[in-house]
file final-v2.cif (mmCIF, C-alpha atoms)
data_entry
loop_
_atom_site.label_atom_id
_atom_site.label_comp_id
_atom_site.auth_asym_id
_atom_site.auth_seq_id
_atom_site.Cartn_x
_atom_site.Cartn_y
_atom_site.Cartn_z
CA MET A 36 -35.25 -185.91 37.05
CA LYS A 37 -32.27 -185.37 39.35
CA LEU A 38 -29.96 -188.34 39.78
CA PRO A 39 -28.52 -189.03 43.25
CA GLU A 40 -25.03 -187.71 43.81
CA SER A 41 -22.23 -190.25 44.07
CA ASN A 42 -18.76 -190.10 45.60
CA THR A 43 -17.52 -192.67 43.09
CA PRO A 44 -14.99 -191.13 40.67
CA SER A 45 -16.28 -190.84 37.12
CA LEU A 46 -14.73 -193.28 34.67
CA PHE A 47 -15.08 -190.83 31.79
CA ASP A 48 -14.21 -187.15 31.53
CA ARG A 49 -17.39 -185.82 29.94
CA ARG A 50 -15.84 -182.41 29.22
CA ALA A 51 -13.00 -184.04 27.25
CA LEU A 52 -15.52 -186.25 25.47
CA ALA A 53 -17.53 -183.20 24.40
CA LEU A 54 -14.38 -181.57 23.01
CA HIS A 55 -13.49 -184.73 21.08
CA ARG A 56 -16.99 -184.95 19.61
CA ALA A 57 -16.93 -181.28 18.62
CA ARG A 58 -14.06 -181.95 16.21
CA ALA A 59 -15.68 -185.04 14.66
CA ARG A 60 -16.40 -185.01 10.93
CA ASP A 61 -19.66 -186.21 9.38
CA ASP A 62 -17.80 -188.16 6.69
CA ALA A 63 -16.01 -190.24 9.37
CA LEU A 64 -19.10 -191.39 11.28
CA PHE A 65 -19.44 -194.71 9.43
CA LEU A 66 -20.07 -196.62 12.68
CA HIS A 67 -22.98 -194.33 13.51
CA HIS A 68 -24.43 -194.81 10.03
CA ALA A 69 -24.02 -198.59 10.43
CA SER A 70 -25.93 -198.37 13.71
CA VAL A 71 -28.75 -196.46 11.99
CA ASP A 72 -29.04 -199.21 9.37
CA GLU A 73 -29.01 -201.90 12.06
CA VAL A 74 -31.73 -200.17 14.08
CA GLN A 75 -33.91 -199.68 11.02
CA ASP A 76 -33.53 -203.35 10.08
CA ARG A 77 -34.66 -204.40 13.55
CA LEU A 78 -37.59 -201.99 13.55
CA SER A 79 -38.74 -203.45 10.22
CA MET A 80 -39.06 -206.84 11.93
CA VAL A 81 -41.26 -205.52 14.75
CA ASN A 82 -44.96 -205.74 14.01
CA ARG A 83 -45.70 -202.35 15.51
CA THR A 84 -46.17 -198.77 14.34
CA PHE A 85 -44.42 -196.25 16.59
CA THR A 86 -45.84 -192.76 16.73
CA ASP A 87 -43.77 -191.05 19.45
CA PRO A 88 -40.11 -192.11 19.10
CA ALA A 89 -37.15 -190.57 20.90
CA ILE A 90 -33.49 -190.91 19.93
CA VAL A 91 -30.60 -190.45 22.36
CA THR A 92 -27.51 -189.65 20.30
CA PRO A 93 -24.36 -187.51 20.40
CA PHE A 94 -24.69 -186.79 16.66
CA ALA A 95 -28.16 -185.56 15.78
CA SER A 96 -27.24 -185.05 12.11
CA VAL A 97 -26.81 -188.80 11.59
CA TRP A 98 -30.45 -189.39 12.54
CA ALA A 99 -31.93 -186.42 10.67
CA ASN A 100 -35.06 -187.45 8.72
CA ARG A 101 -34.61 -191.12 9.68
CA LEU A 102 -37.69 -191.37 11.92
CA PRO A 103 -40.52 -188.87 11.37
CA ASN A 104 -41.44 -186.80 14.44
CA ALA A 105 -38.65 -188.31 16.55
CA LYS A 106 -37.45 -186.27 19.51
CA ILE A 107 -33.64 -186.18 19.43
CA VAL A 108 -31.84 -185.61 22.73
CA ALA A 109 -28.18 -185.56 23.77
CA ASP A 110 -26.68 -188.40 25.79
CA ASP A 111 -26.29 -186.26 28.89
CA GLU A 112 -26.09 -187.91 32.30
CA VAL A 113 -29.66 -186.71 32.82
CA LEU A 114 -31.64 -187.35 29.64
CA ALA A 115 -34.17 -184.75 28.50
CA LEU A 116 -37.00 -187.29 28.34
CA ALA A 117 -40.39 -186.92 30.00
CA PRO A 118 -41.92 -189.90 31.85
CA GLU A 119 -44.03 -192.21 29.65
CA ALA A 120 -43.84 -189.78 26.73
CA HIS A 121 -42.63 -192.27 24.10
CA ASP A 122 -43.53 -195.65 22.65
CA LEU A 123 -39.99 -196.13 21.27
CA VAL A 124 -36.61 -195.00 22.64
CA ILE A 125 -33.40 -195.53 20.69
CA HIS A 126 -30.14 -195.10 22.60
CA ALA A 127 -27.60 -194.78 19.80
CA MET A 128 -23.81 -195.22 20.04
CA ALA A 129 -23.40 -193.59 23.43
CA LEU A 130 -23.86 -196.23 26.13
CA HIS A 131 -20.18 -197.19 26.03
CA TRP A 132 -19.35 -193.61 27.14
CA ALA A 133 -21.84 -193.57 30.04
CA ASN A 134 -20.51 -193.23 33.58
CA ASP A 135 -23.76 -194.87 34.72
CA PRO A 136 -25.07 -197.18 31.97
CA VAL A 137 -27.76 -198.66 34.23
CA GLY A 138 -28.97 -195.15 35.01
CA GLN A 139 -29.18 -194.40 31.30
CA LEU A 140 -31.30 -197.50 30.71
CA ILE A 141 -33.53 -196.73 33.70
CA GLN A 142 -34.17 -193.24 32.35
CA CYS A 143 -35.07 -194.74 28.96
CA ARG A 144 -37.45 -197.21 30.63
CA ARG A 145 -39.15 -194.40 32.55
CA ALA A 146 -39.58 -192.45 29.32
CA LEU A 147 -41.40 -195.40 27.74
CA ARG A 148 -45.11 -196.05 27.94
CA PRO A 149 -46.17 -199.54 29.02
CA ASP A 150 -45.14 -202.08 26.38
CA GLY A 151 -42.84 -199.52 24.73
CA LEU A 152 -39.68 -200.63 22.94
CA LEU A 153 -36.09 -199.79 23.80
CA LEU A 154 -33.38 -200.27 21.19
CA ALA A 155 -29.85 -199.51 22.38
CA ILE A 156 -26.76 -199.90 20.24
CA CYS A 157 -23.18 -199.26 21.31
CA LEU A 158 -19.60 -200.42 20.88
CA GLY A 159 -18.73 -203.73 22.56
CA GLY A 160 -15.76 -205.49 24.11
CA GLU A 161 -14.23 -206.78 20.87
CA THR A 162 -13.78 -203.24 19.58
CA LEU A 163 -10.15 -202.27 18.85
CA THR A 164 -8.71 -205.42 20.43
CA GLU A 165 -5.79 -205.21 18.00
CA LEU A 166 -4.96 -201.62 18.90
CA ARG A 167 -5.27 -202.32 22.62
CA ALA A 168 -2.83 -205.24 22.38
CA ALA A 169 -0.27 -203.42 20.24
CA LEU A 170 -0.26 -200.24 22.34
CA GLY A 171 -0.11 -202.15 25.61
CA GLN A 172 2.89 -204.26 24.58
CA SER A 173 4.74 -201.34 23.02
CA GLU A 174 4.26 -199.05 26.02
CA ILE A 175 5.55 -201.70 28.42
CA ALA A 176 8.57 -202.32 26.18
CA VAL A 177 9.43 -198.63 25.71
CA THR A 178 8.49 -197.04 29.05
CA GLN A 179 8.28 -200.05 31.41
CA GLY A 180 4.81 -198.82 32.34
CA LEU A 181 1.21 -199.06 31.18
CA SER A 182 -1.47 -196.37 30.98
CA PRO A 183 -5.16 -196.61 29.94
CA ARG A 184 -5.32 -195.74 26.24
CA VAL A 185 -8.37 -197.57 24.86
CA ILE A 186 -11.57 -197.28 26.88
CA PRO A 187 -12.91 -200.49 28.46
CA MET A 188 -15.81 -201.56 26.24
CA PRO A 189 -18.81 -203.37 27.76
CA GLU A 190 -19.19 -207.10 27.15
CA LEU A 191 -22.29 -208.59 25.55
CA ARG A 192 -23.29 -210.67 28.60
CA ASP A 193 -22.88 -207.70 30.95
CA LEU A 194 -25.05 -205.41 28.84
CA GLY A 195 -27.76 -208.06 28.63
CA SER A 196 -27.98 -208.24 32.42
CA LEU A 197 -28.19 -204.43 32.65
CA LEU A 198 -31.52 -204.52 30.82
CA GLN A 199 -33.08 -206.59 33.60
CA ARG A 200 -31.46 -204.46 36.30
CA ALA A 201 -33.10 -201.44 34.65
CA GLY A 202 -36.54 -203.06 35.02
CA LEU A 203 -37.05 -203.90 31.36
CA THR A 204 -38.64 -207.12 30.13
CA LEU A 205 -38.07 -209.61 27.30
CA PRO A 206 -34.38 -208.60 26.96
CA VAL A 207 -32.31 -209.63 23.94
CA ALA A 208 -28.63 -208.80 23.38
CA ASP A 209 -26.60 -209.67 20.31
CA SER A 210 -23.58 -208.35 18.47
CA LEU A 211 -22.50 -207.44 14.96
CA PRO A 212 -18.73 -207.58 14.29
CA LEU A 213 -17.36 -205.18 11.67
CA GLN A 214 -13.85 -204.94 10.26
CA ALA A 215 -12.06 -202.00 8.69
CA GLU A 216 -8.56 -201.72 7.24
CA TYR A 217 -6.06 -198.91 7.66
CA ARG A 218 -2.79 -197.91 6.06
CA ASP A 219 -0.98 -197.78 9.41
CA ILE A 220 -1.64 -197.12 13.10
CA TYR A 221 -1.50 -193.35 12.56
CA HIS A 222 -4.23 -193.63 9.93
CA LEU A 223 -6.40 -195.56 12.43
CA MET A 224 -5.87 -193.03 15.22
CA GLN A 225 -6.64 -190.20 12.80
CA ASP A 226 -9.93 -191.91 11.94
CA LEU A 227 -10.81 -192.41 15.61
CA ARG A 228 -10.17 -188.70 16.18
CA ALA A 229 -12.47 -187.84 13.27
CA MET A 230 -15.16 -190.06 14.83
CA GLY A 231 -14.90 -188.33 18.22
CA GLU A 232 -14.01 -191.70 19.75
CA THR A 233 -10.54 -190.98 21.16
CA ASN A 234 -9.53 -191.54 24.78
CA ALA A 235 -11.64 -189.58 27.28
CA LEU A 236 -10.90 -191.65 30.38
CA THR A 237 -10.60 -189.57 33.52
CA GLU A 238 -7.36 -191.40 34.40
CA ARG A 239 -5.86 -191.11 30.92
CA LEU A 240 -2.25 -190.06 30.52
CA LYS A 241 -2.21 -186.26 30.32
CA ASN A 242 1.38 -185.88 29.08
CA PRO A 243 2.38 -186.31 25.40
CA THR A 244 3.25 -189.88 24.45
CA ARG A 245 6.73 -190.62 23.16
CA ARG A 246 6.83 -191.25 19.41
CA ALA A 247 8.78 -194.44 20.10
CA VAL A 248 5.67 -195.98 21.72
CA PHE A 249 3.61 -195.53 18.56
CA ASP A 250 6.45 -196.67 16.29
CA ALA A 251 6.82 -199.86 18.32
CA ALA A 252 3.04 -200.35 18.29
CA GLN A 253 3.00 -199.97 14.50
CA LYS A 254 5.56 -202.78 14.15
CA LEU A 255 3.63 -205.09 16.50
CA TYR A 256 0.32 -204.27 14.83
CA ALA A 257 1.73 -204.96 11.36
CA LYS A 258 3.31 -208.22 12.54
CA HIS A 259 0.24 -209.72 14.20
CA PHE A 260 -2.83 -208.06 12.65
CA SER A 261 -2.12 -207.42 8.98
CA SER A 262 -4.54 -208.31 6.21
CA PRO A 263 -3.35 -210.18 3.07
CA SER A 264 -3.08 -206.79 1.37
CA GLY A 265 -0.62 -205.59 4.02
CA ARG A 266 -3.02 -203.13 5.64
CA LEU A 267 -3.88 -203.18 9.35
CA LYS A 268 -7.13 -204.84 10.43
CA ALA A 269 -9.30 -203.11 13.03
CA THR A 270 -12.29 -204.78 14.66
CA PHE A 271 -15.39 -202.87 15.74
CA GLU A 272 -18.20 -204.67 17.56
CA LEU A 273 -21.72 -203.22 17.56
CA ILE A 274 -23.86 -204.56 20.39
CA CYS A 275 -27.62 -204.22 19.99
CA LEU A 276 -29.94 -204.41 23.01
CA THR A 277 -33.68 -204.87 22.66
CA ALA A 278 -36.17 -204.82 25.54
CA TRP A 279 -39.66 -203.66 26.44
CA SER A 280 -41.14 -201.64 29.26
CA PRO A 281 -43.31 -203.83 31.51
CA ASP A 282 -46.96 -204.36 30.66
CA ASP A 283 -49.60 -206.89 31.77
CA SER A 284 -50.20 -207.92 28.16
CA GLN A 285 -46.70 -209.38 27.82
CA PRO A 286 -46.11 -213.15 28.12
CA LYS A 287 -45.07 -214.29 31.59
CA PRO A 288 -42.89 -217.29 32.48
CA LEU A 289 -44.70 -220.22 34.05
CA ARG A 290 -44.24 -220.93 37.74
CA PRO A 291 -41.82 -223.75 38.58
CA GLY A 292 -43.70 -227.03 38.88
CA SER A 293 -46.72 -225.83 36.90
CA ALA A 294 -46.08 -228.05 33.86
CA LYS A 295 -48.87 -230.53 33.09
CA THR A 296 -46.80 -232.85 30.85
CA ARG A 297 -43.54 -234.58 31.67
CA LEU A 298 -40.54 -233.70 29.50
CA ALA A 299 -39.97 -237.40 28.80
CA GLU A 300 -43.49 -237.70 27.36
CA ALA A 301 -42.97 -234.68 25.13
CA LEU A 302 -39.68 -236.13 23.86
CA ARG A 303 -41.23 -239.62 23.57
CA THR A 304 -38.43 -241.19 25.55
CA GLU A 305 -38.08 -243.21 28.73
CA GLU A 306 -37.58 -241.38 32.00
CA ARG A 307 -34.79 -242.89 34.10
CA LYS A 308 -33.66 -242.14 37.62
CA LEU A 309 -30.14 -240.73 37.90
CA PRO A 310 -27.67 -242.81 39.93
CA ASP A 311 -26.83 -241.57 43.43
#

call {"tool": "encode", "arguments": {"input": "final-v2.cif", "output": "structure tokens"}}
result
Amino acid sequence: MKLPESNTPSLFDRRALALHRARARDDALFLHHASVDEVQDRLSMVNRTFTDPAIVTPFASVWANRLPNAKIVADDEVLALAPEAHDLVIHAMALHWANDPVGQLIQCRRALRPDGLLLAICLGGETLTELRAALGQSEIAVTQGLSPRVIPMPELRDLGSLLQRAGLTLPVADSLPLQAEYRDIYHLMQDLRAMGETNALTERLKNPTRRAVFDAAQKLYAKHFSSPSGRLKATFELICLTAWSPDDSQPKPLRPGSAKTRLAEALRTEERKLPD
């Protein structure tokens, strides 16, 4: 499937992202492993056996041997998924890097058979709020300017609406907050580099950052976001999206005005007219 060309500048530099991911270490991918556990928990609650799953992921090794016979594909802008080839599609820890998240979800929906399940999990808007605040304040104080350093993460309510825009049904969106602790801001940035999650914004600052910016950020971070042990707290938010491809067997909402019983009767209360 060829996506239509757009004149809109890309938010993310996919070439830089690929380079960042290439230097990631397996022992640092704890967020990806947490997402695997979350997906498996949710699948255990679905009364369905899936025989043709597909997994969209930037790190195939994380999902090795997790789902038998699963087709694993990269999170390219055009996904290597055939139409209606799967009864389950998992989009794992990549939607927050998509230049066209709706397009990604549409491609997943097209790859699903009728009444197939989509599970998407990605980082959400509460991720690295502490780092964003500390870096922003320190850069303004030191350079009198501000550059994009932490990627804009999608919000829960926005991702939920994307499911409907993609033509999926019975959408559910919820989040799982996680907290980690680091020795200092340099330890945190080192871990982000090892995860392949460092800044790949197209409009990112290309020149080296002055050491004074990070030193000032360390002081602000330690002042406002320290744990009782004196380490720095870092928030990560996993957002999980669940939806189904349309099928006639799925429950449909009733038409407005089709109710046969008044709400007051169901609640066993008196119905009163509102004042003008």

call {"tool": "residues_around", "arguments": {"input": "final-v2.cif", "residues": "segment 253-265 of chain A", "least_positions_apart": "4", "cutoff": "12 Å", "atoms": "all atoms listed in the file", "output": "PDB file with C-alpha atoms, keeping the file's coordinate frame"}}
result
ATOM      1  CA  LEU A 163     -10.150-202.270  18.850  1.00  0.00           C
ATOM      2  CA  THR A 164      -8.710-205.420  20.430  1.00  0.00           C
ATOM      3  CA  GLU A 165      -5.790-205.210  18.000  1.00  0.00           C
ATOM      4  CA  LEU A 166      -4.960-201.620  18.900  1.00  0.00           C
ATOM      5  CA  ARG A 167      -5.270-202.320  22.620  1.00  0.00           C
ATOM      6  CA  ALA A 168      -2.830-205.240  22.380  1.00  0.00           C
ATOM      7  CA  ALA A 169      -0.270-203.420  20.240  1.00  0.00           C
ATOM      8  CA  LEU A 170      -0.260-200.240  22.340  1.00  0.00           C
ATOM      9  CA  GLY A 171      -0.110-202.150  25.610  1.00  0.00           C
ATOM     10  CA  GLN A 172       2.890-204.260  24.580  1.00  0.00           C
ATOM     11  CA  SER A 173       4.740-201.340  23.020  1.00  0.00           C
ATOM     12  CA  GLU A 174       4.260-199.050  26.020  1.00  0.00           C
ATOM     13  CA  ALA A 176       8.570-202.320  26.180  1.00  0.00           C
ATOM     14  CA  GLN A 214     -13.850-204.940  10.260  1.00  0.00           C
ATOM     15  CA  ALA A 215     -12.060-202.000   8.690  1.00  0.00           C
ATOM     16  CA  GLU A 216      -8.560-201.720   7.240  1.00  0.00           C
ATOM     17  CA  TYR A 217      -6.060-198.910   7.660  1.00  0.00           C
ATOM     18  CA  ARG A 218      -2.790-197.910   6.060  1.00  0.00           C
ATOM     19  CA  ASP A 219      -0.980-197.780   9.410  1.00  0.00           C
ATOM     20  CA  ILE A 220      -1.640-197.120  13.100  1.00  0.00           C
ATOM     21  CA  TYR A 221      -1.500-193.350  12.560  1.00  0.00           C
ATOM     22  CA  HIS A 222      -4.230-193.630   9.930  1.00  0.00           C
ATOM     23  CA  LEU A 223      -6.400-195.560  12.430  1.00  0.00           C
ATOM     24  CA  MET A 224      -5.870-193.030  15.220  1.00  0.00           C
ATOM     25  CA  ARG A 246       6.830-191.250  19.410  1.00  0.00           C
ATOM     26  CA  ALA A 247       8.780-194.440  20.100  1.00  0.00           C
ATOM     27  CA  VAL A 248       5.670-195.980  21.720  1.00  0.00           C
ATOM     28  CA  PHE A 249       3.610-195.530  18.560  1.00  0.00           C
ATOM     29  CA  ALA A 269      -9.300-203.110  13.030  1.00  0.00           C
ATOM     30  CA  THR A 270     -12.290-204.780  14.660  1.00  0.00           C
TER      31      THR A 270
END

call {"tool": "resolve_selection", "arguments": {"input": "final-v2.cif", "expression": "the PyMOL selection byres ((chain A and resi 157) around 10)", "output": "JSON, numbers by chain"}}
result
{"A": [66, 67, 70, 126, 127, 128, 129, 130, 131, 132, 155, 156, 158, 159, 188, 189, 194, 210, 272, 273, 274, 275, 276]}

call {"tool": "closest_residue", "arguments": {"input": "final-v2.cif", "among": "A:Val177, A:Leu198, A:Ala229, A:Leu240", "to": "Pro281 of chain A", "atoms": "all atoms listed in the file"}}
result
A:Leu198

call {"tool": "atom_distance", "arguments": {"input": "final-v2.cif", "atom1": "atom CA of Asp226 of chain A", "atom2": "atom CA of Trp98 of chain A"}}
result
20.7 Å

call {"tool": "closest_residue", "arguments": {"input": "final-v2.cif", "among": "A:His121, A:Arg228, A:Arg266, A:Arg184", "to": "Arg56 of chain A", "atoms": "all atoms listed in the file"}}
result
A:Arg228

call {"tool": "decode", "arguments": {"input": "final-v2.cif", "residues": "segment 168-180 of chain A", "atoms": "all heavy atoms", "output": "PDB file, in the first residue's frame"}}
result
ATOM      1  N   ALA A 168      10.603  19.680  32.246  1.00  0.00           N
ATOM      2  CA  ALA A 168      10.543  20.914  33.032  1.00  0.00           C
ATOM      3  C   ALA A 168      11.937  21.419  33.397  1.00  0.00           C
ATOM      4  O   ALA A 168      12.238  22.614  33.265  1.00  0.00           O
ATOM      5  CB  ALA A 168       9.711  20.677  34.292  1.00  0.00           C
ATOM      6  N   ALA A 169      12.794  20.517  33.858  1.00  0.00           N
ATOM      7  CA  ALA A 169      14.137  20.924  34.285  1.00  0.00           C
ATOM      8  C   ALA A 169      14.966  21.446  33.112  1.00  0.00           C
ATOM      9  O   ALA A 169      15.643  22.477  33.225  1.00  0.00           O
ATOM     10  CB  ALA A 169      14.843  19.749  34.954  1.00  0.00           C
ATOM     11  N   LEU A 170      14.926  20.762  31.974  1.00  0.00           N
ATOM     12  CA  LEU A 170      15.702  21.203  30.820  1.00  0.00           C
ATOM     13  C   LEU A 170      15.183  22.521  30.265  1.00  0.00           C
ATOM     14  O   LEU A 170      15.961  23.398  29.865  1.00  0.00           O
ATOM     15  CB  LEU A 170      15.683  20.133  29.729  1.00  0.00           C
ATOM     16  CG  LEU A 170      16.629  18.940  29.905  1.00  0.00           C
ATOM     17  CD1 LEU A 170      16.402  17.918  28.808  1.00  0.00           C
ATOM     18  CD2 LEU A 170      18.086  19.398  29.920  1.00  0.00           C
ATOM     19  N   GLY A 171      13.847  22.664  30.229  1.00  0.00           N
ATOM     20  CA  GLY A 171      13.278  23.893  29.708  1.00  0.00           C
ATOM     21  C   GLY A 171      13.677  25.104  30.536  1.00  0.00           C
ATOM     22  O   GLY A 171      14.118  26.134  30.001  1.00  0.00           O
ATOM     23  N   GLN A 172      13.551  24.998  31.853  1.00  0.00           N
ATOM     24  CA  GLN A 172      13.907  26.119  32.727  1.00  0.00           C
ATOM     25  C   GLN A 172      15.401  26.431  32.672  1.00  0.00           C
ATOM     26  O   GLN A 172      15.807  27.593  32.653  1.00  0.00           O
ATOM     27  CB  GLN A 172      13.489  25.805  34.163  1.00  0.00           C
ATOM     28  CG  GLN A 172      11.983  25.759  34.371  1.00  0.00           C
ATOM     29  CD  GLN A 172      11.629  25.475  35.817  1.00  0.00           C
ATOM     30  OE1 GLN A 172      12.130  26.112  36.732  1.00  0.00           O
ATOM     31  NE2 GLN A 172      10.764  24.493  36.025  1.00  0.00           N
ATOM     32  N   SER A 173      16.219  25.382  32.642  1.00  0.00           N
ATOM     33  CA  SER A 173      17.664  25.619  32.647  1.00  0.00           C
ATOM     34  C   SER A 173      18.130  26.238  31.337  1.00  0.00           C
ATOM     35  O   SER A 173      19.001  27.119  31.326  1.00  0.00           O
ATOM     36  CB  SER A 173      18.413  24.306  32.909  1.00  0.00           C
ATOM     37  OG  SER A 173      18.210  23.386  31.848  1.00  0.00           O
ATOM     38  N   GLU A 174      17.557  25.805  30.205  1.00  0.00           N
ATOM     39  CA  GLU A 174      17.982  26.360  28.927  1.00  0.00           C
ATOM     40  C   GLU A 174      17.593  27.833  28.811  1.00  0.00           C
ATOM     41  O   GLU A 174      18.370  28.661  28.314  1.00  0.00           O
ATOM     42  CB  GLU A 174      17.375  25.567  27.773  1.00  0.00           C
ATOM     43  CG  GLU A 174      17.915  26.010  26.416  1.00  0.00           C
ATOM     44  CD  GLU A 174      17.508  25.090  25.278  1.00  0.00           C
ATOM     45  OE1 GLU A 174      16.525  24.331  25.456  1.00  0.00           O
ATOM     46  OE2 GLU A 174      18.170  25.118  24.232  1.00  0.00           O
ATOM     47  N   ILE A 175      16.412  28.184  29.289  1.00  0.00           N
ATOM     48  CA  ILE A 175      16.000  29.588  29.272  1.00  0.00           C
ATOM     49  C   ILE A 175      16.938  30.428  30.143  1.00  0.00           C
ATOM     50  O   ILE A 175      17.354  31.524  29.755  1.00  0.00           O
ATOM     51  CB  ILE A 175      14.543  29.721  29.752  1.00  0.00           C
ATOM     52  CG1 ILE A 175      13.584  29.129  28.706  1.00  0.00           C
ATOM     53  CG2 ILE A 175      14.191  31.180  30.021  1.00  0.00           C
ATOM     54  CD1 ILE A 175      12.153  29.042  29.172  1.00  0.00           C
ATOM     55  N   ALA A 176      17.280  29.895  31.317  1.00  0.00           N
ATOM     56  CA  ALA A 176      18.140  30.644  32.239  1.00  0.00           C
ATOM     57  C   ALA A 176      19.553  30.818  31.694  1.00  0.00           C
ATOM     58  O   ALA A 176      20.163  31.882  31.846  1.00  0.00           O
ATOM     59  CB  ALA A 176      18.182  29.942  33.592  1.00  0.00           C
ATOM     60  N   VAL A 177      20.086  29.795  31.027  1.00  0.00           N
ATOM     61  CA  VAL A 177      21.487  29.833  30.583  1.00  0.00           C
ATOM     62  C   VAL A 177      21.642  30.485  29.219  1.00  0.00           C
ATOM     63  O   VAL A 177      22.573  31.263  28.986  1.00  0.00           O
ATOM     64  CB  VAL A 177      22.078  28.403  30.566  1.00  0.00           C
ATOM     65  CG1 VAL A 177      23.481  28.403  29.961  1.00  0.00           C
ATOM     66  CG2 VAL A 177      22.106  27.827  31.973  1.00  0.00           C
ATOM     67  N   THR A 178      20.732  30.190  28.284  1.00  0.00           N
ATOM     68  CA  THR A 178      20.901  30.666  26.902  1.00  0.00           C
ATOM     69  C   THR A 178      19.876  31.708  26.484  1.00  0.00           C
ATOM     70  O   THR A 178      19.971  32.244  25.382  1.00  0.00           O
ATOM     71  CB  THR A 178      20.806  29.475  25.920  1.00  0.00           C
ATOM     72  OG1 THR A 178      19.445  28.996  25.880  1.00  0.00           O
ATOM     73  CG2 THR A 178      21.736  28.345  26.324  1.00  0.00           C
ATOM     74  N   GLN A 179      18.887  31.971  27.342  1.00  0.00           N
ATOM     75  CA  GLN A 179      17.783  32.884  27.007  1.00  0.00           C
ATOM     76  C   GLN A 179      16.999  32.405  25.783  1.00  0.00           C
ATOM     77  O   GLN A 179      16.387  33.198  25.052  1.00  0.00           O
ATOM     78  CB  GLN A 179      18.278  34.318  26.764  1.00  0.00           C
ATOM     79  CG  GLN A 179      18.691  35.065  28.020  1.00  0.00           C
ATOM     80  CD  GLN A 179      20.011  34.568  28.587  1.00  0.00           C
ATOM     81  OE1 GLN A 179      21.024  34.553  27.879  1.00  0.00           O
ATOM     82  NE2 GLN A 179      20.019  34.169  29.836  1.00  0.00           N
ATOM     83  N   GLY A 180      17.020  31.101  25.549  1.00  0.00           N
ATOM     84  CA  GLY A 180      16.266  30.515  24.445  1.00  0.00           C
ATOM     85  C   GLY A 180      15.710  29.170  24.856  1.00  0.00           C
ATOM     86  O   GLY A 180      15.960  28.679  25.964  1.00  0.00           O
TER      87      GLY A 180
END
